[in-house]
Amino acid sequence: MKYQEYKELSDAMEQAAHKFYQLRYQMSNGGNLSMRAPGHDWMLVKATDVAFDEVCADTIVVTDFDGNLIEGNRKPSKEALLHGAIYRELPEVCAIMHCHSPYATAWADKHETLDFSTRHSEMKLGGNVPVFDTHSYAVPKEYFPMILEEFRKNKEMNAFLLRGHGQVTVAGTMREAAYLAELVEETAQISLLAGR
Ligand SMILES: [Zn+2]
């Protein structure tokens with residue numbers, strides 16, 4: 001990566017992605033994660049067709065919020081546009097985790113929101129984790145306003161689920177975004193085990 005000042009950010013992305021691959025929260029080459037590049041309307045984002053265990057400085061690209069390449073010679077993930085729209089809307093968000101974790105995805109199949117099955121999740125997950133049905137393997141642009149509107153309505157919102165797809169969490173740091181995604185997955189697992 002040419003931009004040496006982004007090394008700390010790409011290291012944080014690498015660490016989170018490898019952990020999620022080991023946890024089996026993201027298998028194969030789907031999912032995406034990104035971080036805001038300080039001082040620019042740019043983001044560091046995983047390249048397309050890269051598995052989470054392959055995320056490193058060479059497989060992360062820098063793009064603007066419309067997904068146009070600033071640095072790197074790979075195409076950005078198809079989900080980059082959604083991440084850019086979220087960074088544009090929410091200046092406090094500096095990291096986004098998106099994965100197809102199994103329990104969260106299973107929960108989204110038949111529910112409209114994530115039930116808070118633990119006190120911990122109730123406290124940490126911003127009062128509401130909505131489920132959006134975006135009818136595609138990557139969130140199409142026409143669904144962005146609906147998702148951004150939900151963030152406007154609920155300032156505490158930091159996670160949402162995508163039916164037939166996975167989950168997305170947003171935070172100030174990659175560590176925090178990853179913790180939120182783990183909590184979403186744990187909460188969905190407990191809710192399903194409890195027969196909700
Ligand atoms: Zn996805």
# chains A, B, ... in the order shown; residues from 1 in each chain; ligands from 1

$ residues_near_ligand --ligand "ligand 1" --cutoff "10 Å" --atoms "only C-alpha atoms and all ligand atoms" --output "compact mmCIF listing (two decimals) with C-alpha atoms, in the first residue's frame"
# COMPACT_ATOMS: atom_id res chain seq x y z
CA GLN A 26 -17.44 -15.24 6.90
CA ASN A 29 -14.93 -14.83 -0.67
CA GLY A 30 -18.04 -12.85 0.35
CA GLY A 31 -18.45 -10.21 3.03
CA ASN A 32 -16.79 -6.86 3.20
CA LEU A 33 -15.16 -4.50 5.65
CA SER A 77 -16.03 -5.08 -3.19
CA LYS A 78 -19.53 -4.71 -4.63
CA GLU A 79 -20.68 -3.50 -1.21
CA HIS A 98 -20.35 -6.76 6.82
CA CYS A 99 -20.43 -10.54 7.05
CA HIS A 100 -22.76 -13.42 6.21
CA SER A 101 -22.61 -14.89 9.72
CA SER A 136 -30.04 -9.06 -3.99
CA TYR A 137 -26.64 -10.54 -3.11
CA ALA A 138 -25.29 -6.96 -2.84
CA VAL A 139 -27.45 -4.07 -1.58
CA LEU A 162 -30.11 -8.12 5.47
CA GLY A 164 -31.08 -13.74 2.77
CA HIS A 165 -27.70 -12.06 3.03
CA GLY A 166 -26.07 -11.17 6.37
CA GLN A 167 -25.39 -8.35 8.81
CA VAL A 168 -23.76 -4.90 8.85

$ select_by_dssp --residues "segment 76-146 of chain A" --states "strand (DSSP E or B)" --output "PyMOL selection string"
chain A and resi 76+95-99+113+130-132

$ write_last_selection --atoms "N, CA and C atoms" --output "mmCIF file, in the first residue's frame"
data_model
loop_
_atom_site.group_PDB
_atom_site.id
_atom_site.type_symbol
_atom_site.label_atom_id
_atom_site.label_comp_id
_atom_site.auth_asym_id
_atom_site.auth_seq_id
_atom_site.Cartn_x
_atom_site.Cartn_y
_atom_site.Cartn_z
ATOM 1 N N PRO A 76 -12.876 -2.768 -6.124
ATOM 2 C CA PRO A 76 -13.399 -2.810 -4.752
ATOM 3 C C PRO A 76 -14.577 -3.780 -4.645
ATOM 4 N N ALA A 95 -15.656 2.856 10.685
ATOM 5 C CA ALA A 95 -15.404 1.454 10.345
ATOM 6 C C ALA A 95 -16.731 0.731 10.133
ATOM 7 N N ILE A 96 -16.757 -0.133 9.130
ATOM 8 C CA ILE A 96 -17.968 -0.912 8.822
ATOM 9 C C ILE A 96 -17.573 -2.375 8.622
ATOM 10 N N MET A 97 -18.318 -3.256 9.285
ATOM 11 C CA MET A 97 -18.123 -4.703 9.118
ATOM 12 C C MET A 97 -19.381 -5.278 8.499
ATOM 13 N N HIS A 98 -19.211 -6.046 7.427
ATOM 14 C CA HIS A 98 -20.347 -6.756 6.824
ATOM 15 C C HIS A 98 -19.948 -8.208 6.643
ATOM 16 N N CYS A 99 -20.727 -9.114 7.232
ATOM 17 C CA CYS A 99 -20.433 -10.539 7.050
ATOM 18 C C CYS A 99 -21.731 -11.331 6.949
ATOM 19 N N THR A 113 -37.019 -7.594 13.123
ATOM 20 C CA THR A 113 -35.952 -6.962 13.909
ATOM 21 C C THR A 113 -35.257 -8.062 14.700
ATOM 22 N N PRO A 130 -32.835 -3.384 12.784
ATOM 23 C CA PRO A 130 -33.854 -3.739 11.795
ATOM 24 C C PRO A 130 -33.351 -4.762 10.773
ATOM 25 N N VAL A 131 -34.313 -5.423 10.155
ATOM 26 C CA VAL A 131 -34.012 -6.337 9.044
ATOM 27 C C VAL A 131 -34.491 -5.673 7.753
ATOM 28 N N PHE A 132 -33.616 -5.573 6.776
ATOM 29 C CA PHE A 132 -33.992 -5.021 5.470
ATOM 30 C C PHE A 132 -33.996 -6.149 4.437
#

$ select_by_dssp --residues "chain A" --states "helix (DSSP H, G or I)" --output "PyMOL selection string"
chain A and resi 4-22+52-54+57-59+80-89+102-110+119-124+141-153+174-193

$ residues_around --residues "segment 181-187 of chain A" --least-positions-apart "2" --cutoff "6 Å" --atoms "only C-alpha atoms" --output "PyMOL selection string"
chain A and resi 103-104+117+169+178-179+189-190

$ write_last_selection --atoms "all heavy atoms" --output "PDB file, in the first residue's frame"
ATOM      1  N   TYR A 103     -25.955 -17.420  12.102  1.00  0.00           N
ATOM      2  CA  TYR A 103     -27.124 -17.249  12.975  1.00  0.00           C
ATOM      3  C   TYR A 103     -27.857 -15.931  12.690  1.00  0.00           C
ATOM      4  O   TYR A 103     -29.083 -15.893  12.673  1.00  0.00           O
ATOM      5  CB  TYR A 103     -26.726 -17.346  14.449  1.00  0.00           C
ATOM      6  CG  TYR A 103     -26.404 -18.756  14.870  1.00  0.00           C
ATOM      7  CD1 TYR A 103     -25.076 -19.177  14.989  1.00  0.00           C
ATOM      8  CD2 TYR A 103     -27.410 -19.680  15.123  1.00  0.00           C
ATOM      9  CE1 TYR A 103     -24.772 -20.481  15.352  1.00  0.00           C
ATOM     10  CE2 TYR A 103     -27.116 -20.987  15.483  1.00  0.00           C
ATOM     11  CZ  TYR A 103     -25.789 -21.379  15.596  1.00  0.00           C
ATOM     12  OH  TYR A 103     -25.492 -22.672  15.955  1.00  0.00           O
ATOM     13  N   ALA A 104     -27.109 -14.863  12.478  1.00  0.00           N
ATOM     14  CA  ALA A 104     -27.740 -13.576  12.168  1.00  0.00           C
ATOM     15  C   ALA A 104     -28.527 -13.689  10.859  1.00  0.00           C
ATOM     16  O   ALA A 104     -29.648 -13.179  10.744  1.00  0.00           O
ATOM     17  CB  ALA A 104     -26.680 -12.483  12.062  1.00  0.00           C
ATOM     18  N   SER A 117     -31.954 -10.852  23.181  1.00  0.00           N
ATOM     19  CA  SER A 117     -32.113 -11.990  24.083  1.00  0.00           C
ATOM     20  C   SER A 117     -31.228 -11.871  25.316  1.00  0.00           C
ATOM     21  O   SER A 117     -31.356 -12.665  26.235  1.00  0.00           O
ATOM     22  CB  SER A 117     -31.806 -13.285  23.329  1.00  0.00           C
ATOM     23  OG  SER A 117     -30.587 -13.167  22.639  1.00  0.00           O
ATOM     24  N   THR A 169     -22.475  -3.850  10.644  1.00  0.00           N
ATOM     25  CA  THR A 169     -22.334  -3.043  11.857  1.00  0.00           C
ATOM     26  C   THR A 169     -21.443  -1.839  11.554  1.00  0.00           C
ATOM     27  O   THR A 169     -20.563  -1.912  10.688  1.00  0.00           O
ATOM     28  CB  THR A 169     -21.714  -3.843  13.027  1.00  0.00           C
ATOM     29  OG1 THR A 169     -20.429  -4.339  12.631  1.00  0.00           O
ATOM     30  CG2 THR A 169     -22.601  -5.007  13.432  1.00  0.00           C
ATOM     31  N   ALA A 178     -16.259  -4.830  14.843  1.00  0.00           N
ATOM     32  CA  ALA A 178     -16.160  -6.290  14.913  1.00  0.00           C
ATOM     33  C   ALA A 178     -16.843  -6.820  16.177  1.00  0.00           C
ATOM     34  O   ALA A 178     -17.564  -7.821  16.131  1.00  0.00           O
ATOM     35  CB  ALA A 178     -14.688  -6.710  14.878  1.00  0.00           C
ATOM     36  N   TYR A 179     -16.651  -6.137  17.306  1.00  0.00           N
ATOM     37  CA  TYR A 179     -17.321  -6.564  18.547  1.00  0.00           C
ATOM     38  C   TYR A 179     -18.831  -6.535  18.381  1.00  0.00           C
ATOM     39  O   TYR A 179     -19.536  -7.425  18.845  1.00  0.00           O
ATOM     40  CB  TYR A 179     -16.930  -5.662  19.717  1.00  0.00           C
ATOM     41  CG  TYR A 179     -15.567  -5.941  20.315  1.00  0.00           C
ATOM     42  CD1 TYR A 179     -14.942  -4.996  21.118  1.00  0.00           C
ATOM     43  CD2 TYR A 179     -14.919  -7.144  20.098  1.00  0.00           C
ATOM     44  CE1 TYR A 179     -13.693  -5.239  21.673  1.00  0.00           C
ATOM     45  CE2 TYR A 179     -13.675  -7.395  20.633  1.00  0.00           C
ATOM     46  CZ  TYR A 179     -13.064  -6.436  21.432  1.00  0.00           C
ATOM     47  OH  TYR A 179     -11.834  -6.671  21.975  1.00  0.00           O
ATOM     48  N   GLN A 189     -27.947 -16.156  17.802  1.00  0.00           N
ATOM     49  CA  GLN A 189     -27.801 -17.569  18.177  1.00  0.00           C
ATOM     50  C   GLN A 189     -28.612 -17.885  19.429  1.00  0.00           C
ATOM     51  O   GLN A 189     -29.340 -18.874  19.488  1.00  0.00           O
ATOM     52  CB  GLN A 189     -26.319 -17.912  18.388  1.00  0.00           C
ATOM     53  CG  GLN A 189     -26.108 -19.385  18.699  1.00  0.00           C
ATOM     54  CD  GLN A 189     -24.637 -19.776  18.788  1.00  0.00           C
ATOM     55  OE1 GLN A 189     -23.747 -18.911  18.772  1.00  0.00           O
ATOM     56  NE2 GLN A 189     -24.391 -21.057  18.881  1.00  0.00           N
ATOM     57  N   ILE A 190     -28.501 -17.016  20.434  1.00  0.00           N
ATOM     58  CA  ILE A 190     -29.237 -17.240  21.691  1.00  0.00           C
ATOM     59  C   ILE A 190     -30.744 -17.182  21.431  1.00  0.00           C
ATOM     60  O   ILE A 190     -31.505 -18.014  21.926  1.00  0.00           O
ATOM     61  CB  ILE A 190     -28.805 -16.213  22.764  1.00  0.00           C
ATOM     62  CG1 ILE A 190     -27.346 -16.460  23.161  1.00  0.00           C
ATOM     63  CG2 ILE A 190     -29.716 -16.293  23.989  1.00  0.00           C
ATOM     64  CD1 ILE A 190     -26.723 -15.340  23.981  1.00  0.00           C
TER      65      ILE A 190
END

$ residues_around --residues "Asp64 of chain A" --least-positions-apart "3" --cutoff "7 Å" --atoms "only C-alpha atoms" --output "JSON, numbers by chain"
{"A": [41, 42, 43, 67, 68, 69, 70]}

$ write_last_selection --atoms "C-alpha atoms" --output "short mmCIF file (atom, residue, chain, number, x, y, z; two decimals), in the first residue's frame"
data_model
loop_
_atom_site.label_atom_id
_atom_site.label_comp_id
_atom_site.auth_asym_id
_atom_site.auth_seq_id
_atom_site.Cartn_x
_atom_site.Cartn_y
_atom_site.Cartn_z
CA ASP A 41 -13.72 11.45 1.56
CA TRP A 42 -12.01 8.13 0.92
CA MET A 43 -12.18 4.68 2.42
CA GLY A 67 -16.29 3.36 -5.20
CA ASN A 68 -13.89 5.03 -7.66
CA LEU A 69 -10.39 3.64 -7.24
CA ILE A 70 -7.81 5.98 -5.65
#
